[in-house]
Amino acid sequence: RQWTYGSCRVGIYAYLLNAFTKKDEKTGKGLPVAFHEKLLMGSTAGAIGSMVGLPTEVALVRMSAESKMAPELRRNYKNSIDCISRIAKEEGVLKLWSGGVPTVIRATLLSASVLGCYSETKEQLHKRFPQVFPNKDGESLMFVSTMFASLVANAVSNPFDVVKSRVQNMPTPLPGQPALYTSMVDCFAKTVAKEGYGALYQGFTPAFLKLAPYTTISLILTDKLSQKLLGKSAL
């Protein structure tokens, strides 16, 4: 999943950032890209990456649910490749993109926050605090930027994750009774009305502890590899 979705979104963002960076006619150096443009590039990369990675997401959900099913109802997939292949053959190729809207929305928000904020934070910290971060490609600057980007991304995506989880795990209504939630919007409204906005940030700390290491490793590794191979940061 991370190989398809993660690498795809970072690659697309790096390409867009480079393609839309204008150069100063006098110095030949790249001019700063506006923050809102970085957010747009991040959201575009996230949306495309999630669409590419959605079949593996569907396979992950299917295989995770196997252990909770009765033995006679299990599909007994051998591995993720077998799962994707059988879904395409037995249920049609489009089934691999079923339930994709929530996943794409989340990926769009998360990628815009992580990638856009990472690039902007690096730029602003180096510009405003040159004594602390003298090297625009230094590890300390990258680390602080990834941590801040992870914090922002988690704050943006956590409410969506809480609502999505509640909708997916709501009990099946008894005959004649209405469903607990009719949609994600309905779940959001009912959660806020009954429990307050704080309920949307349940599990914030574990989610951050999960997101931050992955973000730090993947983005710093991407930047460092780009510096070695291309002579400049990718992000």
# chains A, B, ... in the order shown; residues from 1 in each chain; ligands from 1
call {"tool": "closest_atom_pairs", "arguments": {"of": "region 107-226 of chain A", "to": "region 49-58 of chain A", "cutoff": "12 Å", "atoms": "only C-alpha atoms", "output": "JSON lines"}}
result
{"residue": "A:Ala107", "atom": "CA", "partner": "A:Ser50", "partner_atom": "CA", "distance": 6.2}
{"residue": "A:Thr108", "atom": "CA", "partner": "A:Ser50", "partner_atom": "CA", "distance": 8.1}
{"residue": "A:Leu109", "atom": "CA", "partner": "A:Ser50", "partner_atom": "CA", "distance": 11.3}
{"residue": "A:Leu110", "atom": "CA", "partner": "A:Ser50", "partner_atom": "CA", "distance": 10.8}
{"residue": "A:Ser111", "atom": "CA", "partner": "A:Gly49", "partner_atom": "CA", "distance": 9.4}
call {"tool": "residues_around", "arguments": {"residues": "Leu40 (chain A)", "least_positions_apart": "5", "cutoff": "12 Å", "atoms": "only C-alpha atoms", "output": "list in words"}}
result
Ile12, Tyr13, Leu16, Leu17, Phe20, Val33, Ala34, Phe35, Ala45, Gly46, Ala47, Thr108, Leu109, Leu110, Ser111, Ala112, Ser113, Val114, Leu115, Gly116 and Cys117 of chain A
call {"tool": "select_by_dssp", "arguments": {"residues": "region 18-213 of chain A", "states": "alpha helix (DSSP H)", "output": "PyMOL selection string"}}
result
chain A and resi 18-19+35-65+80-91+100-111+117-128+139-169+184-195+204-213
call {"tool": "closest_atom_pairs", "arguments": {"of": "region 137-187 of chain A", "to": "region 218-227 of chain A", "cutoff": "12 Å", "atoms": "only C-alpha atoms", "output": "JSON lines"}}
result
{"residue": "A:Asp137", "atom": "CA", "partner": "A:Asp223", "partner_atom": "CA", "distance": 8.2}
{"residue": "A:Gly138", "atom": "CA", "partner": "A:Lys224", "partner_atom": "CA", "distance": 9.4}
{"residue": "A:Glu139", "atom": "CA", "partner": "A:Ile220", "partner_atom": "CA", "distance": 7.6}
{"residue": "A:Ser140", "atom": "CA", "partner": "A:Ile220", "partner_atom": "CA", "distance": 10.2}
{"residue": "A:Leu141", "atom": "CA", "partner": "A:Ile220", "partner_atom": "CA", "distance": 9.9}
{"residue": "A:Met142", "atom": "CA", "partner": "A:Ile220", "partner_atom": "CA", "distance": 6.3}
{"residue": "A:Phe143", "atom": "CA", "partner": "A:Ile220", "partner_atom": "CA", "distance": 7.4}
{"residue": "A:Val144", "atom": "CA", "partner": "A:Ile220", "partner_atom": "CA", "distance": 10.7}
{"residue": "A:Ser145", "atom": "CA", "partner": "A:Ile220", "partner_atom": "CA", "distance": 9.7}
{"residue": "A:Thr146", "atom": "CA", "partner": "A:Leu219", "partner_atom": "CA", "distance": 7.4}
{"residue": "A:Met147", "atom": "CA", "partner": "A:Leu219", "partner_atom": "CA", "distance": 10.7}
{"residue": "A:Ala149", "atom": "CA", "partner": "A:Leu219", "partner_atom": "CA", "distance": 10.6}
{"residue": "A:Ser150", "atom": "CA", "partner": "A:Leu219", "partner_atom": "CA", "distance": 11.0}
call {"tool": "closest_atom_pairs", "arguments": {"of": "region 83-166 of chain A", "to": "region 184-197 of chain A", "cutoff": "12 Å", "atoms": "only C-alpha atoms", "output": "tab-separated table"}}
result
residue	atom	partner	partner_atom	distance
A:Val101	CA	A:Met184	CA	11.3
A:Pro102	CA	A:Met184	CA	9.1
A:Ile105	CA	A:Met184	CA	11.9
A:Asn158	CA	A:Tyr197	CA	11.5
A:Pro159	CA	A:Phe188	CA	8.4
A:Phe160	CA	A:Phe188	CA	8.6
A:Asp161	CA	A:Met184	CA	10.5
A:Val162	CA	A:Phe188	CA	8.9
A:Val163	CA	A:Phe188	CA	6.1
A:Lys164	CA	A:Met184	CA	6.7
A:Ser165	CA	A:Met184	CA	9.8
A:Arg166	CA	A:Cys187	CA	7.6
call {"tool": "closest_residue", "arguments": {"among": "A:Leu180, A:Ile217, A:Ala234, A:Leu39", "to": "Val167 (chain A)", "atoms": "only C-alpha atoms"}}
result
A:Leu180
call {"tool": "atom_distance", "arguments": {"atom1": "CA of Leu125 (chain A)", "atom2": "CA of Asn18 (chain A)"}}
result
20.3 Å
call {"tool": "residues_around", "arguments": {"residues": "Ile87 (chain A)", "least_positions_apart": "2", "cutoff": "12 Å", "atoms": "only C-alpha atoms", "output": "PyMOL selection string"}}
result
chain A and resi 55-56+58-59+62-63+75+77+80-85+89-98
call {"tool": "write_last_selection", "arguments": {"atoms": "C-alpha atoms", "output": "compact mmCIF listing (two decimals), in the first residue's frame"}}
result
# COMPACT_ATOMS: atom_id res chain seq x y z
CA PRO A 55 -6.75 -1.63 -4.98
CA THR A 56 -4.14 -2.45 -2.34
CA VAL A 58 -9.27 -2.81 -0.70
CA ALA A 59 -7.10 -5.94 -0.51
CA ARG A 62 -10.57 -7.69 2.78
CA MET A 63 -7.70 -9.73 4.17
CA ARG A 75 -12.40 -16.32 0.72
CA TYR A 77 -6.81 -15.25 -0.12
CA SER A 80 -2.41 -9.38 -1.52
CA ILE A 81 -1.62 -10.14 -5.17
CA ASP A 82 -3.97 -13.13 -5.12
CA CYS A 83 -6.63 -11.00 -3.43
CA ILE A 84 -6.45 -8.24 -6.05
CA SER A 85 -6.39 -10.76 -8.89
CA LYS A 89 -11.73 -11.83 -11.99
CA GLU A 90 -14.67 -12.73 -9.74
CA GLU A 91 -16.24 -9.33 -9.07
CA GLY A 92 -14.98 -7.08 -11.85
CA VAL A 93 -12.08 -4.66 -12.07
CA LEU A 94 -14.11 -1.67 -10.84
CA LYS A 95 -14.67 -3.46 -7.52
CA LEU A 96 -11.04 -2.68 -6.71
CA TRP A 97 -12.03 0.98 -6.43
CA SER A 98 -15.18 0.45 -4.37
call {"tool": "closest_residue", "arguments": {"among": "A:Ser119, A:Gln168, A:Asn154, A:Thr205", "to": "Gly42 (chain A)", "atoms": "only C-alpha atoms"}}
result
A:Ser119
call {"tool": "closest_residue", "arguments": {"among": "A:Leu60, A:Pro134, A:Leu151, A:His126", "to": "Gln2 (chain A)", "atoms": "only C-alpha atoms"}}
result
A:Leu60
call {"tool": "atom_distance", "arguments": {"atom1": "CA of Ser157 (chain A)", "atom2": "CA of Asn79 (chain A)"}}
result
29.4 Å
call {"tool": "closest_residue", "arguments": {"among": "A:Phe148, A:Pro171, A:Gly30, A:Tyr201", "to": "Glu120 (chain A)", "atoms": "only C-alpha atoms"}}
result
A:Phe148
call {"tool": "atom_distance", "arguments": {"atom1": "CA of Ala155 (chain A)", "atom2": "CA of Phe208 (chain A)"}}
result
8.8 Å
call {"tool": "closest_residue", "arguments": {"among": "A:Val132, A:Ala207, A:Thr215, A:Thr21", "to": "Ser7 (chain A)", "atoms": "only C-alpha atoms"}}
result
A:Thr215
